[in-house]
file protein_38.csv (CSV, C-alpha atoms)
chain,number,residue,atom,x,y,z
A,1177,GLU,CA,12.8,-12.4,-6.3
A,1178,ALA,CA,10.2,-9.7,-5.6
A,1179,GLN,CA,11.8,-6.4,-6.2
A,1180,VAL,CA,11.7,-2.8,-7.5
A,1181,THR,CA,14.5,-1.9,-9.8
A,1182,GLN,CA,15.7,1.6,-10.9
A,1183,ASN,CA,18.1,2.7,-13.5
A,1184,PRO,CA,20.5,4.3,-13.6
A,1185,ARG,CA,21.7,4.2,-10.0
A,1186,TYR,CA,23.9,7.2,-10.4
A,1187,LEU,CA,23.6,10.0,-12.9
A,1188,ILE,CA,25.5,13.3,-13.4
A,1189,THR,CA,24.0,15.6,-16.1
A,1190,VAL,CA,23.9,19.2,-17.1
A,1191,THR,CA,21.1,21.7,-16.8
A,1192,GLY,CA,18.5,21.4,-19.5
A,1193,LYS,CA,19.4,18.0,-20.8
A,1194,LYS,CA,16.3,15.7,-20.7
A,1195,LEU,CA,16.6,12.5,-18.8
A,1196,THR,CA,14.5,9.5,-17.8
A,1197,VAL,CA,14.9,7.4,-14.7
A,1198,THR,CA,13.3,4.0,-15.2
A,1199,CYS,CA,11.4,2.0,-12.5
A,1200,SER,CA,10.1,-1.5,-12.8
A,1201,GLN,CA,8.5,-3.9,-10.4
A,1202,ASN,CA,7.8,-7.6,-10.7
A,1203,MET,CA,5.1,-7.9,-8.0
A,1204,ASN,CA,2.1,-7.1,-10.1
A,1205,HIS,CA,1.4,-4.1,-7.9
A,1206,GLU,CA,-1.3,-1.5,-8.9
A,1207,TYR,CA,0.3,1.3,-7.0
A,1208,MET,CA,3.6,3.0,-7.8
A,1209,SER,CA,5.2,6.2,-6.6
A,1210,TRP,CA,8.2,8.4,-7.0
A,1211,TYR,CA,9.9,10.2,-4.0
A,1212,ARG,CA,12.9,12.5,-3.7
A,1213,GLN,CA,14.9,12.4,-0.5
A,1214,ASP,CA,16.8,15.5,0.6
A,1215,PRO,CA,18.7,16.1,3.9
A,1216,GLY,CA,16.5,17.3,6.6
A,1217,LEU,CA,13.3,17.0,4.5
A,1218,GLY,CA,12.8,13.3,4.4
A,1219,LEU,CA,11.0,11.7,1.5
A,1220,ARG,CA,8.7,13.9,-0.5
A,1221,GLN,CA,6.2,12.4,-3.0
A,1222,ILE,CA,6.6,13.6,-6.5
A,1223,TYR,CA,3.9,11.6,-8.4
A,1224,TYR,CA,2.0,8.4,-7.8
A,1225,SER,CA,0.0,6.1,-10.0
A,1226,MET,CA,-3.0,4.1,-8.8
A,1227,ASN,CA,-3.0,1.9,-11.9
A,1228,VAL,CA,-2.2,1.9,-15.6
A,1229,GLU,CA,-2.9,5.2,-17.2
A,1230,VAL,CA,-3.9,6.7,-13.8
A,1231,THR,CA,-1.5,9.2,-12.2
A,1232,ASP,CA,-1.7,12.1,-9.8
A,1233,LYS,CA,0.6,14.7,-8.3
A,1234,GLY,CA,2.3,14.3,-5.0
A,1235,ASP,CA,3.7,17.2,-3.0
A,1236,VAL,CA,6.5,18.3,-5.3
A,1237,PRO,CA,5.6,17.6,-8.9
A,1238,GLU,CA,7.0,20.7,-10.5
A,1239,GLY,CA,9.6,19.9,-13.1
A,1240,TYR,CA,8.8,16.2,-13.4
A,1241,LYS,CA,6.6,14.1,-15.6
A,1242,VAL,CA,5.6,10.5,-15.3
A,1243,SER,CA,3.7,7.9,-17.4
A,1244,ARG,CA,2.2,4.5,-16.6
A,1245,LYS,CA,1.6,2.7,-19.9
A,1246,GLU,CA,2.3,-0.7,-18.4
A,1247,LYS,CA,1.6,-2.0,-14.9
A,1248,ARG,CA,5.2,-2.9,-14.2
A,1249,ASN,CA,6.9,0.3,-15.3
A,1250,PHE,CA,6.7,3.9,-14.0
A,1251,PRO,CA,9.4,6.1,-15.5
A,1252,LEU,CA,10.3,9.5,-14.1
A,1253,ILE,CA,11.0,12.2,-16.7
A,1254,LEU,CA,12.9,15.4,-16.2
A,1255,GLU,CA,12.3,17.4,-19.4
A,1256,SER,CA,14.7,20.2,-18.4
A,1257,PRO,CA,16.6,19.4,-15.3
A,1258,SER,CA,17.8,22.1,-13.0
A,1259,PRO,CA,20.4,22.1,-10.1
A,1260,ASN,CA,17.6,22.2,-7.5
A,1261,GLN,CA,16.6,18.7,-8.8
A,1262,THR,CA,19.8,17.3,-7.5
A,1263,SER,CA,18.6,14.7,-5.1
A,1264,LEU,CA,18.3,11.0,-4.2
A,1265,TYR,CA,15.2,9.5,-6.0
A,1266,PHE,CA,13.3,6.5,-4.9
A,1267,CYS,CA,10.6,4.5,-6.7
A,1268,ALA,CA,8.2,2.4,-4.7
A,1269,SER,CA,5.3,0.1,-5.4
A,1270,GLY,CA,2.4,-1.4,-3.4
A,1271,GLY,CA,-0.6,-3.5,-3.6
A,1272,LYS,CA,-4.2,-2.5,-3.3
A,1273,GLY,CA,-4.8,-0.4,-0.2
A,1274,VAL,CA,-1.2,0.5,-0.1
A,1275,ASP,CA,-0.7,-1.4,3.1
A,1276,GLU,CA,3.1,-1.4,2.5
A,1277,GLN,CA,5.4,0.1,0.0
A,1278,TYR,CA,8.4,-1.7,-1.5
A,1279,PHE,CA,11.2,0.6,-2.4
A,1280,GLY,CA,13.8,0.5,-5.1
A,1281,PRO,CA,17.6,1.0,-4.4
A,1282,GLY,CA,17.5,4.7,-5.3
A,1283,THR,CA,19.0,6.9,-8.0
A,1284,ARG,CA,21.4,9.6,-7.1
A,1285,LEU,CA,21.0,12.5,-9.5
A,1286,THR,CA,23.4,15.4,-9.8
A,1287,VAL,CA,22.5,18.3,-12.1
A,1288,THR,CA,25.3,20.8,-12.7
B,1048,ALA,CA,-2.0,20.9,6.2
B,1049,GLN,CA,-0.8,17.3,6.1
B,1050,SER,CA,2.5,16.8,7.8
B,1051,VAL,CA,4.6,14.3,9.8
B,1052,SER,CA,6.9,15.6,12.5
B,1053,GLN,CA,9.8,13.5,13.9
B,1054,HIS,CA,11.1,15.0,17.0
B,1055,ASN,CA,14.8,14.1,16.8
B,1056,HIS,CA,17.0,14.3,13.7
B,1057,HIS,CA,20.0,12.6,15.2
B,1058,VAL,CA,20.1,10.2,18.2
B,1059,ILE,CA,23.3,8.6,19.6
B,1060,LEU,CA,22.9,5.7,22.0
B,1061,SER,CA,25.1,3.1,23.5
B,1062,GLU,CA,24.3,-0.6,23.0
B,1063,ALA,CA,21.6,-1.9,25.4
B,1064,ALA,CA,20.1,1.5,25.9
B,1065,SER,CA,16.4,2.0,25.4
B,1066,LEU,CA,15.1,3.8,22.3
B,1067,GLU,CA,12.1,6.0,21.8
B,1068,LEU,CA,11.7,8.0,18.6
B,1069,GLY,CA,8.8,10.5,18.5
B,1070,CYS,CA,6.4,10.9,15.6
B,1071,ASN,CA,3.4,13.2,15.4
B,1072,TYR,CA,1.2,13.7,12.4
B,1073,SER,CA,-1.4,16.0,11.0
B,1074,TYR,CA,-3.7,14.4,8.5
B,1075,GLY,CA,-7.4,14.6,8.0
B,1076,GLY,CA,-9.5,11.4,8.2
B,1077,THR,CA,-8.7,7.9,9.1
B,1078,VAL,CA,-5.0,7.0,8.6
B,1079,ASN,CA,-2.6,4.1,8.3
B,1080,LEU,CA,0.7,4.6,10.1
B,1081,PHE,CA,4.1,3.2,9.3
B,1082,TRP,CA,7.7,3.2,10.4
B,1083,TYR,CA,10.3,2.5,7.7
B,1084,VAL,CA,14.0,1.9,8.2
B,1085,GLN,CA,16.9,2.5,5.9
B,1086,TYR,CA,20.1,0.7,6.9
B,1087,PRO,CA,23.3,2.0,5.5
B,1088,GLY,CA,23.6,1.2,1.8
B,1089,GLN,CA,20.2,-0.6,1.7
B,1090,HIS,CA,16.7,0.1,0.5
B,1091,LEU,CA,14.0,1.5,2.7
B,1092,GLN,CA,12.0,-1.4,4.3
B,1093,LEU,CA,9.0,-1.6,6.4
B,1094,LEU,CA,9.6,-1.9,10.1
B,1095,LEU,CA,6.0,-2.0,11.3
B,1096,LYS,CA,2.6,-0.6,10.5
B,1097,TYR,CA,-0.7,0.2,12.2
B,1098,PHE,CA,-4.0,0.0,10.5
B,1099,SER,CA,-6.6,-0.6,13.2
B,1100,GLY,CA,-7.2,-2.6,16.4
B,1101,ASP,CA,-4.6,-2.9,19.1
B,1102,PRO,CA,-2.7,0.4,19.3
B,1103,LEU,CA,0.5,-1.3,20.3
B,1104,VAL,CA,2.0,-2.9,17.2
B,1105,LYS,CA,5.1,-5.1,17.0
B,1106,GLY,CA,7.4,-5.1,14.1
B,1107,ILE,CA,10.7,-6.8,13.1
B,1108,LYS,CA,13.8,-6.9,15.1
B,1109,GLY,CA,12.2,-6.2,18.4
B,1110,PHE,CA,10.7,-2.8,17.5
B,1111,GLU,CA,7.3,-1.7,18.6
B,1112,ALA,CA,5.2,1.4,18.2
B,1113,GLU,CA,2.2,2.8,20.0
B,1114,PHE,CA,-0.6,4.7,18.3
B,1115,ILE,CA,-2.1,7.4,20.6
B,1116,LYS,CA,-5.1,8.8,18.7
B,1117,SER,CA,-5.7,11.7,21.1
B,1118,LYS,CA,-2.1,12.9,20.7
B,1119,PHE,CA,-1.8,12.1,16.9
B,1120,SER,CA,1.3,10.2,17.8
B,1121,PHE,CA,3.0,7.0,16.7
B,1122,ASN,CA,6.2,6.7,18.7
B,1123,LEU,CA,8.7,3.9,18.0
B,1124,ARG,CA,10.4,2.0,20.8
B,1125,LYS,CA,12.9,-0.7,21.4
B,1126,PRO,CA,13.9,-1.8,24.9
B,1127,SER,CA,17.5,-2.5,24.1
B,1128,VAL,CA,19.3,-1.3,21.0
B,1129,GLN,CA,22.1,-3.1,19.2
B,1130,TRP,CA,24.9,-1.8,17.0
B,1131,SER,CA,23.1,-3.2,14.0
B,1132,ASP,CA,20.1,-0.9,14.6
B,1133,THR,CA,22.3,2.0,13.3
B,1134,ALA,CA,20.1,3.4,10.5
B,1135,GLU,CA,17.7,6.1,9.5
B,1136,TYR,CA,14.1,5.8,10.6
B,1137,PHE,CA,11.1,7.3,8.9
B,1138,CYS,CA,7.6,7.7,10.2
B,1139,ALA,CA,4.9,7.9,7.5
B,1140,VAL,CA,1.2,8.3,7.3
B,1141,GLY,CA,-1.3,7.6,4.6
B,1142,PRO,CA,-5.1,7.7,4.2
B,1143,VAL,CA,-7.0,4.4,4.6
B,1144,GLY,CA,-7.6,3.1,1.1
B,1145,GLY,CA,-5.7,6.1,-0.4
B,1146,PHE,CA,-2.5,6.7,-2.1
B,1147,LYS,CA,-0.8,9.9,-0.9
B,1148,THR,CA,1.8,9.0,1.7
B,1149,ILE,CA,3.5,11.7,3.8
B,1150,PHE,CA,6.9,10.9,5.3
B,1151,GLY,CA,8.7,12.6,8.2
B,1152,ALA,CA,12.2,14.1,7.8
B,1153,GLY,CA,13.8,11.0,9.3
B,1154,THR,CA,15.8,10.3,12.4
B,1155,ARG,CA,19.4,9.1,12.1
B,1156,LEU,CA,20.2,6.7,14.9
B,1157,PHE,CA,23.8,5.8,15.7
B,1158,VAL,CA,24.4,3.0,18.2
B,1159,LYS,CA,27.9,2.9,19.8
B,1160,ALA,CA,29.3,-0.6,20.3
call {"tool": "encode", "arguments": {"input": "protein_38.csv", "output": "structure tokens"}}
result
Amino acid sequence: EAQVTQNPRYLITVTGKKLTVTCSQNMNHEYMSWYRQDPGLGLRQIYYSMNVEVTDKGDVPEGYKVSRKEKRNFPLILESPSPNQTSLYFCASGGKGVDEQYFGPGTRLTVT
Amino acid sequence: AQSVSQHNHHVILSEAASLELGCNYSYGGTVNLFWYVQYPGQHLQLLLKYFSGDPLVKGIKGFEAEFIKSKFSFNLRKPSVQWSDTAEYFCAVGPVGGFKTIFGAGTRLFVKA
């Protein structure tokens, strides 16, 4: 089944404790992206990747890192999480031209 | 500045009522336009998209949208909503051949049975 998977689905952590949210897709897509969803703000793009080893900032990259060492994986790293990063995070992938994005189930992160 | 504006944050309708959700965008250059839907407890999924050609596009579940270039709008419509259309709807815009997609804030639709 074609899908985008994220882990973990729920995470509660404390300020400053490094964490990684994994994202994997099995559709051989070149494009992958991370978004955060906050009430009243919709989805805002954090980082995206056009292909392996090629990434770029979205609209809200501060406090996040990404890497794309393999085509199928695109982890999101929070080196020192802060409470303002409490949010619902979505990973997405798409083929060339990004005519459609396929979304993962979301990761609900709470930073206390 | 690039932006997508959705006119209504919350909409409540009775079954069989007609639906129109407004979307306006500001984005330089030629764009692709999308509507995504998020049903309760489910992933976001594509409802419909416009790339070029006929400005009236049809999507899944009886939805359609009209691209009006002069108004920078891409409004979503459905003639008769069902209870199962209860969901959050997101308008999105991205550059042709590009990668940076901008989403609107979303509209929560609740359909009363």
call {"tool": "interface_residues", "arguments": {"input": "protein_38.csv", "of": "chain A", "to": "chain B", "cutoff": "8 Å", "atoms": "only C-alpha atoms", "output": "list of chain:residue names"}}
result
A:Tyr1207, A:Pro1215, A:Gly1216, A:Leu1217, A:Gly1218, A:Leu1219, A:Arg1220, A:Gln1221, A:Tyr1224, A:Met1226, A:Gly1234, A:Lys1272, A:Gly1273, A:Val1274, A:Asp1275, A:Glu1276, A:Gln1277, A:Tyr1278, A:Phe1279, A:Gly1280, A:Pro1281, A:Gly1282
call {"tool": "closest_residue", "arguments": {"input": "protein_38.csv", "among": "A:Gln1213, A:Ser1200, A:Ser1269, A:Gln1179", "to": "Asn1249 in chain A", "atoms": "only C-alpha atoms"}}
result
A:Ser1200
call {"tool": "atom_distance", "arguments": {"input": "protein_38.csv", "atom1": "CA of Val1140 in chain B", "atom2": "CA of Pro1251 in chain A"}}
result
24.3 Å
call {"tool": "atom_distance", "arguments": {"input": "protein_38.csv", "atom1": "CA of Tyr1186 in chain A", "atom2": "CA of Arg1155 in chain B"}}
result
23.0 Å
call {"tool": "residues_around", "arguments": {"input": "protein_38.csv", "residues": "Leu1060 in chain B", "least_positions_apart": "2", "cutoff": "12 Å", "atoms": "only C-alpha atoms", "output": "PyMOL selection string"}}
result
chain B and resi 1057-1058+1062-1068+1125+1127-1133+1155-1160
call {"tool": "residues_around", "arguments": {"input": "protein_38.csv", "residues": "Glu1111 in chain B", "least_positions_apart": "4", "cutoff": "8 Å", "atoms": "only C-alpha atoms", "output": "list in words"}}
result
Leu1095, Leu1103, Val1104, Lys1105, Gly1106, Leu1123, Arg1124 and Lys1125 of chain B
call {"tool": "write_last_selection", "arguments": {"input": "protein_38.csv", "atoms": "C-alpha atoms", "output": "mmCIF file, keeping the file's coordinate frame"}}
result
data_model
loop_
_atom_site.group_PDB
_atom_site.id
_atom_site.type_symbol
_atom_site.label_atom_id
_atom_site.label_comp_id
_atom_site.auth_asym_id
_atom_site.auth_seq_id
_atom_site.Cartn_x
_atom_site.Cartn_y
_atom_site.Cartn_z
ATOM 1 C CA LEU B 1095 6.000 -2.000 11.300
ATOM 2 C CA LEU B 1103 0.500 -1.300 20.300
ATOM 3 C CA VAL B 1104 2.000 -2.900 17.200
ATOM 4 C CA LYS B 1105 5.100 -5.100 17.000
ATOM 5 C CA GLY B 1106 7.400 -5.100 14.100
ATOM 6 C CA LEU B 1123 8.700 3.900 18.000
ATOM 7 C CA ARG B 1124 10.400 2.000 20.800
ATOM 8 C CA LYS B 1125 12.900 -0.700 21.400
#
call {"tool": "atom_distance", "arguments": {"input": "protein_38.csv", "atom1": "CA of Ile1253 in chain A", "atom2": "CA of Pro1087 in chain B"}}
result
27.4 Å
